[in-house]
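Asks: What follows is target.pdb, PDB, C-alpha atoms.
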```
MODEL        1
ATOM      1  CA  MET Y 615     -32.480  -3.834  31.056
ATOM      2  CA  ALA Y 616     -31.232  -6.744  29.035
ATOM      3  CA  ASN Y 617     -28.104  -7.114  31.117
ATOM      4  CA  GLU Y 618     -30.256  -7.149  34.244
ATOM      5  CA  ALA Y 619     -32.192 -10.075  32.834
ATOM      6  CA  ALA Y 620     -28.963 -11.830  31.948
ATOM      7  CA  GLN Y 621     -27.456 -11.281  35.356
ATOM      8  CA  GLU Y 622     -30.477 -11.796  37.554
ATOM      9  CA  ALA Y 623     -31.323 -15.310  36.403
ATOM     10  CA  GLY Y 624     -30.937 -17.498  39.479
ATOM     11  CA  PRO Y 625     -29.984 -16.584  43.047
ATOM     12  CA  LYS Y 626     -27.105 -14.127  43.585
ATOM     13  CA  PHE Y 627     -25.139 -13.640  46.772
ATOM     14  CA  SER Y 628     -22.756 -10.805  47.478
ATOM     15  CA  SER Y 629     -21.891 -12.008  50.987
ATOM     16  CA  ARG Y 630     -21.707 -15.205  53.025
ATOM     17  CA  ALA Y 631     -24.622 -13.945  55.119
ATOM     18  CA  GLU Y 632     -26.827 -13.662  52.018
ATOM     19  CA  LEU Y 633     -25.706 -17.114  50.897
ATOM     20  CA  LYS Y 634     -26.610 -18.757  54.204
ATOM     21  CA  LYS Y 635     -29.910 -16.894  54.483
ATOM     22  CA  TYR Y 636     -30.975 -18.060  51.027
ATOM     23  CA  TYR Y 637     -30.174 -21.702  51.800
ATOM     24  CA  GLU Y 638     -31.843 -21.513  55.190
ATOM     25  CA  ASP Y 639     -34.999 -19.909  53.717
ATOM     26  CA  THR Y 640     -35.072 -22.389  50.828
ATOM     27  CA  TYR Y 641     -34.022 -25.655  52.437
ATOM     28  CA  GLY Y 642     -34.135 -25.120  56.219
ATOM     29  CA  ARG Y 643     -31.554 -24.869  58.985
ATOM     30  CA  PRO Y 644     -30.551 -28.599  59.043
ATOM     31  CA  VAL Y 645     -29.480 -28.340  55.401
ATOM     32  CA  VAL Y 646     -27.359 -25.254  56.130
ATOM     33  CA  ASP Y 647     -25.745 -27.077  59.065
ATOM     34  CA  ALA Y 648     -24.940 -30.008  56.780
ATOM     35  CA  LEU Y 649     -23.620 -27.701  54.049
ATOM     36  CA  GLU Y 650     -21.344 -25.928  56.507
ATOM     37  CA  GLN Y 651     -19.676 -29.279  57.206
ATOM     38  CA  SER Y 652     -19.060 -29.870  53.523
ATOM     39  CA  ILE Y 653     -15.787 -27.932  53.327
ATOM     40  CA  GLY Y 654     -14.162 -30.247  55.865
ATOM     41  CA  ASP Y 655     -16.025 -33.501  55.346
ATOM     42  CA  ARG Y 656     -17.807 -33.763  52.045
ATOM     43  CA  LYS Y 657     -19.020 -37.340  52.501
ATOM     44  CA  LYS Y 658     -20.518 -36.716  55.933
ATOM     45  CA  SER Y 659     -22.207 -33.603  54.595
ATOM     46  CA  LEU Y 660     -23.609 -35.473  51.592
ATOM     47  CA  ASP Y 661     -24.974 -38.214  53.867
ATOM     48  CA  ALA Y 662     -26.674 -35.603  56.045
ATOM     49  CA  LEU Y 663     -28.088 -33.785  53.015
ATOM     50  CA  SER Y 664     -29.456 -37.014  51.577
ATOM     51  CA  LYS Y 665     -31.377 -37.588  54.803
ATOM     52  CA  SER Y 666     -32.732 -34.046  54.867
ATOM     53  CA  GLY Y 667     -35.213 -34.423  52.044
ATOM     54  CA  LEU Y 668     -33.087 -33.105  49.190
ATOM     55  CA  ASN Y 669     -33.087 -36.555  47.611
ATOM     56  CA  GLY Y 670     -31.462 -36.407  44.162
ATOM     57  CA  LYS Y 671     -30.586 -32.722  44.489
ATOM     58  CA  ALA Y 672     -28.117 -33.069  47.367
ATOM     59  CA  GLU Y 673     -24.958 -33.227  45.271
ATOM     60  CA  GLY Y 674     -25.935 -30.250  43.084
ATOM     61  CA  VAL Y 675     -26.916 -28.112  46.068
ATOM     62  CA  MET Y 676     -23.672 -28.942  47.842
ATOM     63  CA  LYS Y 677     -21.575 -28.186  44.758
ATOM     64  CA  GLU Y 678     -23.157 -24.768  44.288
ATOM     65  CA  TYR Y 679     -22.782 -23.925  47.962
ATOM     66  CA  LEU Y 680     -19.159 -25.073  48.018
ATOM     67  CA  THR Y 681     -18.352 -23.060  44.893
ATOM     68  CA  TYR Y 682     -19.707 -19.902  46.508
ATOM     69  CA  GLU Y 683     -17.765 -20.581  49.716
ATOM     70  CA  GLN Y 684     -14.635 -21.262  47.657
ATOM     71  CA  GLU Y 685     -14.960 -17.982  45.762
ATOM     72  CA  PHE Y 686     -15.611 -15.932  48.912
ATOM     73  CA  ALA Y 687     -12.485 -17.522  50.445
ATOM     74  CA  ARG Y 688     -10.428 -16.808  47.301
ATOM     75  CA  GLN Y 689     -11.597 -13.188  47.237
ATOM     76  CA  ASP Y 690     -10.696 -12.720  50.907
ATOM     77  CA  LYS Y 691      -7.248 -14.207  50.387
ATOM     78  CA  LEU Y 692      -6.564 -12.183  47.242
ATOM     79  CA  ASN Y 693      -7.623  -8.956  48.945
ATOM     80  CA  GLU Y 694      -5.294  -9.769  51.822
ATOM     81  CA  THR Y 695      -2.429 -10.482  49.399
ATOM     82  CA  TRP Y 696      -2.960  -7.201  47.575
ATOM     83  CA  MET Y 697      -3.302  -5.278  50.824
ATOM     84  CA  GLN Y 698       0.028  -6.725  52.043
ATOM     85  CA  LYS Y 699       1.680  -5.712  48.771
ATOM     86  CA  GLY Y 700       0.309  -2.219  49.099
ATOM     87  CA  TRP Y 701      -1.776  -2.601  45.938
ATOM     88  CA  ARG Y 702      -4.918  -1.883  47.949
ATOM     89  CA  LYS Y 703      -4.785   0.645  50.706
ATOM     90  CA  THR Y 704      -6.873   3.140  52.520
ATOM     91  CA  LYS Y 705      -6.151   6.835  52.748
ATOM     92  CA  GLU Y 706      -7.810   9.548  54.732
ATOM     93  CA  THR Y 707      -8.838  12.670  52.890
ATOM     94  CA  ALA Y 708     -10.693  15.441  54.652
ATOM     95  CA  GLY Y 709     -11.711  13.058  57.396
ATOM     96  CA  GLU Y 710     -13.020  10.470  54.952
ATOM     97  CA  VAL Y 711     -11.377   7.045  54.657
ATOM     98  CA  LEU Y 712     -11.096   5.954  51.025
ATOM     99  CA  ASN Y 713      -9.989   2.712  49.421
ATOM    100  CA  VAL Y 714      -7.470   3.292  46.658
ATOM    101  CA  ALA Y 715      -5.880   0.997  44.106
ATOM    102  CA  ALA Y 716      -2.144   1.228  43.505
ATOM    103  CA  ALA Y 717       0.153   1.119  40.500
ATOM    104  CA  PRO Y 718      -0.518  -2.307  38.922
ATOM    105  CA  PHE Y 719      -4.238  -1.669  38.689
ATOM    106  CA  ARG Y 720      -3.710   1.857  37.387
ATOM    107  CA  PHE Y 721      -1.195   0.719  34.739
ATOM    108  CA  ALA Y 722      -3.533  -2.028  33.572
ATOM    109  CA  TRP Y 723      -6.491   0.376  33.443
ATOM    110  CA  ARG Y 724      -4.409   2.885  31.457
ATOM    111  CA  SER Y 725      -3.817   0.180  28.818
ATOM    112  CA  PHE Y 726      -7.555  -0.419  28.584
ATOM    113  CA  LYS Y 727      -8.124   3.301  27.957
ATOM    114  CA  LYS Y 728      -5.372   3.513  25.367
ATOM    115  CA  HIS Y 729      -6.549   0.735  23.034
ATOM    116  CA  PRO Y 730     -10.152   0.981  21.703
ATOM    117  CA  VAL Y 731     -10.591  -2.779  21.510
ATOM    118  CA  LEU Y 732      -9.658  -3.100  25.183
ATOM    119  CA  THR Y 733     -11.868  -0.127  26.093
ATOM    120  CA  THR Y 734     -14.838  -1.853  24.475
ATOM    121  CA  LEU Y 735     -14.073  -5.141  26.182
ATOM    122  CA  ALA Y 736     -13.566  -3.521  29.582
ATOM    123  CA  VAL Y 737     -16.991  -1.856  29.333
ATOM    124  CA  THR Y 738     -18.502  -5.154  28.178
ATOM    125  CA  ALA Y 739     -16.795  -6.951  31.064
ATOM    126  CA  LEU Y 740     -18.270  -4.436  33.507
ATOM    127  CA  ALA Y 741     -21.677  -5.357  32.138
ATOM    128  CA  VAL Y 742     -21.346  -9.110  31.940
ATOM    129  CA  GLY Y 743     -18.105 -10.147  33.630
ATOM    130  CA  GLY Y 744     -15.374 -12.537  32.660
ATOM    131  CA  VAL Y 745     -17.479 -14.754  30.429
ATOM    132  CA  ALA Y 746     -17.625 -11.872  27.937
ATOM    133  CA  LEU Y 747     -13.915 -12.177  27.359
ATOM    134  CA  GLY Y 748     -14.145 -15.881  26.662
ATOM    135  CA  ALA Y 749     -16.945 -15.140  24.213
ATOM    136  CA  TYR Y 750     -14.754 -12.570  22.520
ATOM    137  CA  LEU Y 751     -11.862 -14.906  22.060
ATOM    138  CA  THR Y 752     -13.946 -17.720  20.693
ATOM    139  CA  GLY Y 753     -15.830 -15.495  18.273
ATOM    140  CA  ASN Y 754     -19.144 -15.343  20.108
ATOM    141  CA  LEU Y 755     -18.984 -11.695  21.079
ATOM    142  CA  GLU Y 756     -21.837 -10.788  18.756
ATOM    143  CA  GLY Y 757     -24.150 -13.189  20.564
ATOM    144  CA  MET Y 758     -22.925 -11.996  23.941
ATOM    145  CA  LEU Y 759     -23.421  -8.308  23.120
ATOM    146  CA  SER Y 760     -26.884  -9.048  21.782
ATOM    147  CA  LYS Y 761     -27.799 -10.769  25.051
ATOM    148  CA  VAL Y 762     -26.890  -7.731  27.106
ATOM    149  CA  GLY Y 763     -28.343  -5.048  24.863
ATOM    150  CA  LEU Y 764     -25.020  -3.917  23.411
ATOM    151  CA  SER Y 765     -25.430  -5.384  19.960
ATOM    152  CA  HIS Y 766     -24.970  -1.983  18.313
ATOM    153  CA  LEU Y 767     -21.291  -2.257  19.177
ATOM    154  CA  TYR Y 768     -20.973  -5.073  16.707
ATOM    155  CA  GLY Y 769     -20.216  -3.680  13.307
ATOM    156  CA  ALA Y 770     -20.425  -0.045  14.391
ATOM    157  CA  GLN Y 771     -17.728   2.167  12.944
ATOM    158  CA  GLY Y 772     -14.600   1.761  14.970
ATOM    159  CA  ALA Y 773     -15.893  -1.208  16.892
ATOM    160  CA  SER Y 774     -15.928  -3.816  14.175
ATOM    161  CA  GLU Y 775     -12.428  -4.843  15.171
ATOM    162  CA  ALA Y 776     -13.632  -5.510  18.685
ATOM    163  CA  ALA Y 777     -16.230  -7.929  17.421
ATOM    164  CA  LYS Y 778     -13.828 -10.107  15.504
ATOM    165  CA  PRO Y 779     -12.480 -13.260  17.032
ATOM    166  CA  LEU Y 780      -9.041 -12.447  18.303
ATOM    167  CA  GLY Y 781      -7.184 -14.626  15.841
ATOM    168  CA  LYS Y 782      -8.522 -12.459  13.034
ATOM    169  CA  ILE Y 783      -7.393  -9.122  14.457
ATOM    170  CA  LEU Y 784      -4.168  -9.523  12.621
ATOM    171  CA  ASP Y 785      -3.997 -11.507   9.407
ATOM    172  CA  GLY Y 786      -2.271 -14.735  10.199
ATOM    173  CA  GLY Y 787      -2.611 -14.004  13.897
ATOM    174  CA  PRO Y 788      -1.654 -16.714  16.355
ATOM    175  CA  SER Y 789      -4.095 -19.403  17.331
ATOM    176  CA  LEU Y 790      -5.803 -19.063  20.676
ATOM    177  CA  PRO Y 791      -4.180 -20.462  23.802
ATOM    178  CA  GLU Y 792      -5.708 -23.701  25.012
ATOM    179  CA  ILE Y 793      -7.448 -22.104  27.986
ATOM    180  CA  PHE Y 794      -9.818 -20.244  25.668
ATOM    181  CA  THR Y 795     -10.974 -23.149  23.577
ATOM    182  CA  GLY Y 796     -14.211 -24.915  24.413
ATOM    183  CA  SER Y 797     -17.468 -23.591  25.835
ATOM    184  CA  THR Y 798     -17.642 -19.967  26.917
ATOM    185  CA  GLY Y 799     -20.661 -20.594  29.085
ATOM    186  CA  ILE Y 800     -22.598 -17.675  27.638
ATOM    187  CA  GLU Y 801     -25.702 -19.792  27.164
ATOM    188  CA  LYS Y 802     -25.828 -20.235  30.920
ATOM    189  CA  LEU Y 803     -26.076 -16.528  31.665
TER     190      LEU Y 803
ATOM    191  CA  MET M 129      12.029  -2.135  35.581
ATOM    192  CA  ASP M 130      10.310  -2.652  38.905
ATOM    193  CA  HIS M 131       8.570  -5.882  38.082
ATOM    194  CA  PRO M 132       9.161  -8.784  35.691
ATOM    195  CA  LEU M 133       6.574 -10.049  33.248
ATOM    196  CA  HIS M 134       5.029 -13.445  34.052
ATOM    197  CA  LEU M 135       4.189 -14.884  30.639
ATOM    198  CA  THR M 136       3.098 -18.301  29.408
ATOM    199  CA  LYS M 137       5.073 -20.001  26.657
ATOM    200  CA  ASP M 138       2.464 -18.925  24.080
ATOM    201  CA  GLU M 139       2.660 -15.330  25.276
ATOM    202  CA  GLN M 140       6.457 -15.387  25.257
ATOM    203  CA  LYS M 141       6.372 -16.222  21.548
ATOM    204  CA  LEU M 142       4.475 -12.980  20.885
ATOM    205  CA  PHE M 143       6.672 -11.018  23.253
ATOM    206  CA  ASP M 144       9.848 -12.375  21.652
ATOM    207  CA  ALA M 145       8.647 -11.104  18.277
ATOM    208  CA  LEU M 146       8.707  -7.479  19.514
ATOM    209  CA  SER M 147      11.620  -5.253  18.567
ATOM    210  CA  ASP M 148      14.745  -5.407  20.713
ATOM    211  CA  SER M 149      14.344  -1.767  21.667
ATOM    212  CA  LEU M 150      10.871  -2.466  23.090
ATOM    213  CA  LYS M 151      12.037  -5.529  25.012
ATOM    214  CA  GLU M 152      15.138  -3.881  26.407
ATOM    215  CA  GLY M 153      15.210  -3.787  30.192
ATOM    216  CA  TRP M 154      12.275  -6.149  30.708
ATOM    217  CA  GLU M 155      12.752  -9.463  32.451
ATOM    218  CA  VAL M 156      10.426 -12.331  31.552
ATOM    219  CA  HIS M 157       9.524 -15.143  33.956
ATOM    220  CA  ASP M 158       7.669 -18.315  32.988
ATOM    221  CA  GLU M 159       4.041 -18.310  34.103
ATOM    222  CA  THR M 160       3.583 -21.957  35.002
ATOM    223  CA  LEU M 161       0.419 -21.709  37.095
ATOM    224  CA  THR M 162      -2.631 -23.052  35.295
ATOM    225  CA  ALA M 163      -5.518 -22.691  37.762
ATOM    226  CA  PHE M 164      -7.794 -20.824  35.335
ATOM    227  CA  GLU M 165     -11.430 -20.478  36.306
ATOM    228  CA  SER M 166     -14.252 -22.574  34.903
ATOM    229  CA  ASP M 167     -17.211 -20.752  33.350
ATOM    230  CA  ASP M 168     -19.306 -21.698  36.395
ATOM    231  CA  VAL M 169     -16.794 -20.016  38.696
ATOM    232  CA  LEU M 170     -16.777 -16.866  36.554
ATOM    233  CA  ARG M 171     -20.587 -16.726  36.653
ATOM    234  CA  ILE M 172     -20.519 -17.032  40.423
ATOM    235  CA  ARG M 173     -17.903 -14.270  40.716
ATOM    236  CA  LEU M 174     -20.063 -12.060  38.534
ATOM    237  CA  SER M 175     -23.045 -12.599  40.808
ATOM    238  CA  MET M 176     -20.917 -11.883  43.899
ATOM    239  CA  ALA M 177     -19.539  -8.613  42.536
ATOM    240  CA  ARG M 178     -22.577  -7.189  40.764
ATOM    241  CA  LEU M 179     -20.306  -4.735  39.006
ATOM    242  CA  SER M 180     -23.234  -3.364  37.046
ATOM    243  CA  LYS M 181     -24.810  -2.217  40.324
ATOM    244  CA  PHE M 182     -22.121   0.369  41.127
ATOM    245  CA  PRO M 183     -23.696   3.764  40.251
ATOM    246  CA  PRO M 184     -21.024   4.910  37.742
ATOM    247  CA  THR M 185     -20.966   1.499  36.095
ATOM    248  CA  GLU M 186     -24.732   1.349  35.873
ATOM    249  CA  ARG M 187     -24.788   4.749  34.162
ATOM    250  CA  ILE M 188     -22.041   3.761  31.702
ATOM    251  CA  ILE M 189     -23.833   0.543  30.796
ATOM    252  CA  LYS M 190     -27.088   2.478  30.268
ATOM    253  CA  ASP M 191     -25.277   4.990  28.047
ATOM    254  CA  VAL M 192     -23.744   2.244  25.932
ATOM    255  CA  GLN M 193     -27.025   0.372  25.731
ATOM    256  CA  GLY M 194     -28.536   3.666  24.623
ATOM    257  CA  GLY M 195     -26.217   3.784  21.643
ATOM    258  CA  LYS M 196     -23.034   5.469  22.846
ATOM    259  CA  MET M 197     -19.717   3.934  21.915
ATOM    260  CA  PRO M 198     -17.379   2.981  24.781
ATOM    261  CA  THR M 199     -14.754   5.666  25.287
ATOM    262  CA  PRO M 200     -11.694   6.032  27.524
ATOM    263  CA  ASP M 201     -13.587   8.766  29.422
ATOM    264  CA  MET M 202     -16.079   6.150  30.555
ATOM    265  CA  LEU M 203     -13.298   4.130  32.155
ATOM    266  CA  ASP M 204     -12.087   7.293  33.912
ATOM    267  CA  GLU M 205     -15.416   7.379  35.726
ATOM    268  CA  ILE M 206     -14.863   3.978  37.326
ATOM    269  CA  PRO M 207     -13.767   4.469  40.952
ATOM    270  CA  GLU M 208     -10.329   3.081  41.722
ATOM    271  CA  ASP M 209     -11.551   0.978  44.584
ATOM    272  CA  ILE M 210     -13.594  -1.139  42.161
ATOM    273  CA  LEU M 211     -10.539  -2.217  40.164
ATOM    274  CA  PRO M 212      -9.401  -5.117  42.405
ATOM    275  CA  THR M 213     -12.975  -6.434  42.374
ATOM    276  CA  PHE M 214     -13.133  -5.994  38.593
ATOM    277  CA  PHE M 215     -10.004  -8.098  38.072
ATOM    278  CA  PHE M 216     -11.101 -10.796  40.531
ATOM    279  CA  THR M 217     -14.450 -10.953  38.726
ATOM    280  CA  ILE M 218     -13.039 -11.368  35.217
ATOM    281  CA  GLY M 219     -10.584 -13.851  36.714
ATOM    282  CA  ALA M 220      -7.205 -15.035  35.523
ATOM    283  CA  LYS M 221      -8.980 -16.138  32.356
ATOM    284  CA  GLY M 222     -10.308 -12.645  31.660
ATOM    285  CA  VAL M 223      -6.973 -11.019  32.463
ATOM    286  CA  ALA M 224      -5.258 -13.496  30.122
ATOM    287  CA  ALA M 225      -7.686 -12.490  27.375
ATOM    288  CA  MET M 226      -6.804  -8.826  27.836
ATOM    289  CA  MET M 227      -3.085  -9.697  27.847
ATOM    290  CA  TRP M 228      -3.427 -11.741  24.651
ATOM    291  CA  ILE M 229      -5.007  -8.753  22.905
ATOM    292  CA  LEU M 230      -2.545  -6.241  24.327
ATOM    293  CA  LEU M 231       0.393  -8.404  23.225
ATOM    294  CA  GLN M 232      -0.741  -7.856  19.643
ATOM    295  CA  LYS M 233      -1.109  -4.095  20.091
ATOM    296  CA  ILE M 234       2.163  -3.208  21.813
ATOM    297  CA  LYS M 235       3.749  -0.055  20.414
ATOM    298  CA  ASP M 236       5.728   1.444  23.305
ATOM    299  CA  ASP M 237       7.087   0.952  26.799
ATOM    300  CA  GLU M 238       3.855   2.133  28.371
ATOM    301  CA  ASP M 239       2.086  -0.823  26.749
ATOM    302  CA  ILE M 240       4.658  -3.218  28.193
ATOM    303  CA  GLN M 241       4.201  -1.619  31.593
ATOM    304  CA  GLY M 242       0.485  -2.372  31.265
ATOM    305  CA  LEU M 243       1.236  -5.928  30.188
ATOM    306  CA  ALA M 244       3.565  -6.422  33.161
ATOM    307  CA  ALA M 245       0.891  -5.107  35.517
ATOM    308  CA  LEU M 246      -1.717  -7.462  34.065
ATOM    309  CA  SER M 247       0.716 -10.382  34.325
ATOM    310  CA  LEU M 248       1.294  -9.662  38.017
ATOM    311  CA  ILE M 249      -2.423  -9.385  38.694
ATOM    312  CA  ARG M 250      -3.030 -12.669  36.859
ATOM    313  CA  HIS M 251      -0.186 -14.392  38.703
ATOM    314  CA  ASP M 252      -1.709 -13.516  42.081
ATOM    315  CA  ILE M 253      -5.181 -14.657  40.966
ATOM    316  CA  LEU M 254      -3.785 -17.967  39.683
ATOM    317  CA  ALA M 255      -1.815 -18.524  42.903
ATOM    318  CA  THR M 256      -4.948 -17.873  44.953
ATOM    319  CA  ASN M 257      -7.081 -20.117  42.731
ATOM    320  CA  SER M 258      -4.632 -22.990  43.117
ATOM    321  CA  SER M 259      -4.369 -22.585  46.899
ATOM    322  CA  ILE M 260      -8.111 -22.840  47.673
ATOM    323  CA  ASN M 261     -10.133 -25.669  46.157
ATOM    324  CA  TYR M 262     -13.380 -26.860  47.723
ATOM    325  CA  VAL M 263     -15.054 -28.294  44.624
TER     326      VAL M 263
ENDMDL
END
```
When written as structure tokens, how does the structure in this file appear?
Replies:
Amino acid sequence: MANEAAQEAGPKFSSRAELKKYYEDTYGRPVVDALEQSIGDRKKSLDALSKSGLNGKAEGVMKEYLTYEQEFARQDKLNETWMQKGWRKTKETAGEVLNVAAAPFRFAWRSFKKHPVLTTLAVTALAVGGVALGAYLTGNLEGMLSKVGLSHLYGAQGASEAAKPLGKILDGGPSLPEIFTGSTGIEKL
Amino acid sequence: MDHPLHLTKDEQKLFDALSDSLKEGWEVHDETLTAFESDDVLRIRLSMARLSKFPPTERIIKDVQGGKMPTPDMLDEIPEDILPTFFFTIGAKGVAAMMWILLQKIKDDEDIQGLAALSLIRHDILATNSSINYV
């Protein structure tokens, strides 16, 4: 599938164990040991990586590794926050333990179902993630949808609104907030 | 209402333009956190989540790639336990995009309830982003 091709470019890790295994298989155990130090002591880690045969790649490898570690840590913390607030909880039904999402997530999801433009974007986001939304706001949704095999959405009856840059949804609509200006990163997918 | 809205100054301008009857009873707080994700971070979150790999999601994406238009029924098929992962994956930046669109579509109190929920979700993501920085 086109979205598979878009998403599968480059290594992907859904857990810390997968992350470490990939680096160990690719670069060897000494590199993983050095990378594990990088959260606490970046310079020491970089020195060790430079001596481990990575040469000019050490900084790039460390940055990618650190970004993954950072995002796993953020996800853990956010899940804990939402669990404490009761937004994520488990319930037992007929002997089966289920994870359920509470009100804020349900209210937000209801809004997505109510407005066709948000429905389209939510489905697109499921396919290609957050970068799709940046592409939408900066007017590159057509290119993004084409990349993931959803180009028929662009210009189809009822979806043409979804393909317009946001500022054009309403005539004289407000300019985009600063966070959405600049590169959307879709070329990197 | 149970929860206030956490809106940026730009968003407050749109909210302020709503009718008084729509705004009645809603408290607005300034969203001052700015730790929005870079595109690299969003790509990494996407690869961590692999949302398209969940069976219902995979089927929906196939249907849409096959020519179907996205419908609310499709979103009903998404299991609730995916939603926190969905919002983490699209990030504060993605949630802000949805909020910016919703702000221009608001017609009733239910819409504002949705906006408030999104603003709370975004606030927590921003707070988490700003509290953990390795790069």
Asks: Can you list, as a short mmCIF file (atom, residue, chain, number, x, y, z; two decimals) with C-alpha atoms, in the coordinates of the input, every protein, DNA or RNA residue that comes within 9 Å of Met226 (chain M) when you count only C-alpha atoms, leaving out same-chain residues fewer than 6 positions away?
Replies:
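Okay, out_20.cif is ready:
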```
data_model
loop_
_atom_site.label_atom_id
_atom_site.label_comp_id
_atom_site.auth_asym_id
_atom_site.auth_seq_id
_atom_site.Cartn_x
_atom_site.Cartn_y
_atom_site.Cartn_z
CA PHE Y 726 -7.56 -0.42 28.58
CA LEU Y 732 -9.66 -3.10 25.18
CA LEU Y 735 -14.07 -5.14 26.18
CA ALA Y 736 -13.57 -3.52 29.58
CA LEU Y 747 -13.92 -12.18 27.36
CA LEU M 243 1.24 -5.93 30.19
CA LEU M 246 -1.72 -7.46 34.06
#
```
Asks: Tell me, in Å to one decimal, how far CA of Ala245 (chain M) is from CA of Val156 (chain M).
Replies: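 Distance between the two atoms: 12.6 Å.
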Asks: Quick check, in Å to one decimal: how far apart do CA of Ala687 (chain Y) and CA of Ser259 (chain M) lie?
Replies: 10.2 Å
Asks: Using all atoms listed in the file, can you tell me which of Y:Val646, Y:Leu740, Y:Gly763, Y:Pro625 comes closest to Phe214 (chain M)?
Replies: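 Counting all atoms listed in the file, the residue closest to Phe214 (chain M) is Y:Leu740.
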Asks: Starting from the PyMOL selection byres ((chain M and resi 218-224) around 7), expand the selection into actual residues of this file and give them as a short mmCIF file (atom, residue, chain, number, x, y, z; two decimals) with C-alpha atoms, keeping the file's coordinate frame.
Replies:
```
data_model
loop_
_atom_site.label_atom_id
_atom_site.label_comp_id
_atom_site.auth_asym_id
_atom_site.auth_seq_id
_atom_site.Cartn_x
_atom_site.Cartn_y
_atom_site.Cartn_z
CA GLY Y 743 -18.10 -10.15 33.63
CA GLY Y 744 -15.37 -12.54 32.66
CA LEU Y 747 -13.92 -12.18 27.36
CA PHE M 164 -7.79 -20.82 35.34
CA GLU M 165 -11.43 -20.48 36.31
CA LEU M 170 -16.78 -16.87 36.55
CA PHE M 214 -13.13 -5.99 38.59
CA PHE M 215 -10.00 -8.10 38.07
CA PHE M 216 -11.10 -10.80 40.53
CA THR M 217 -14.45 -10.95 38.73
CA ALA M 225 -7.69 -12.49 27.38
CA MET M 226 -6.80 -8.83 27.84
CA MET M 227 -3.08 -9.70 27.85
CA TRP M 228 -3.43 -11.74 24.65
CA LEU M 246 -1.72 -7.46 34.06
CA ARG M 250 -3.03 -12.67 36.86
CA ILE M 253 -5.18 -14.66 40.97
CA LEU M 254 -3.78 -17.97 39.68
#
```
Asks: For this structure, which residues satisfy the selection - the PyMOL selection byres ((chain M and resi 242) around 8) - when it is evaluated on the file as given? I want them as a PyMOL selection string.
Replies: (chain Y and resi 718+721-725) or (chain M and resi 238-241+243-246)
Asks: For each of Y:Lys728, Y:Ala672, Y:Thr734, Y:Gly700, take the minimum atom-to-atom distance to Lys235 (chain M), counting only C-alpha atoms, then give the residue where this is smallest.
Replies: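 Counting only C-alpha atoms, the residue closest to Lys235 (chain M) is Y:Lys728.
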Asks: What does the distance between CA of Gln232 (chain M) and CA of Phe143 (chain M) come to in Å, to one decimal place?
Replies: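 Computed distance, CA of Gln232 (chain M) to CA of Phe143 (chain M), equals 8.8 Å.
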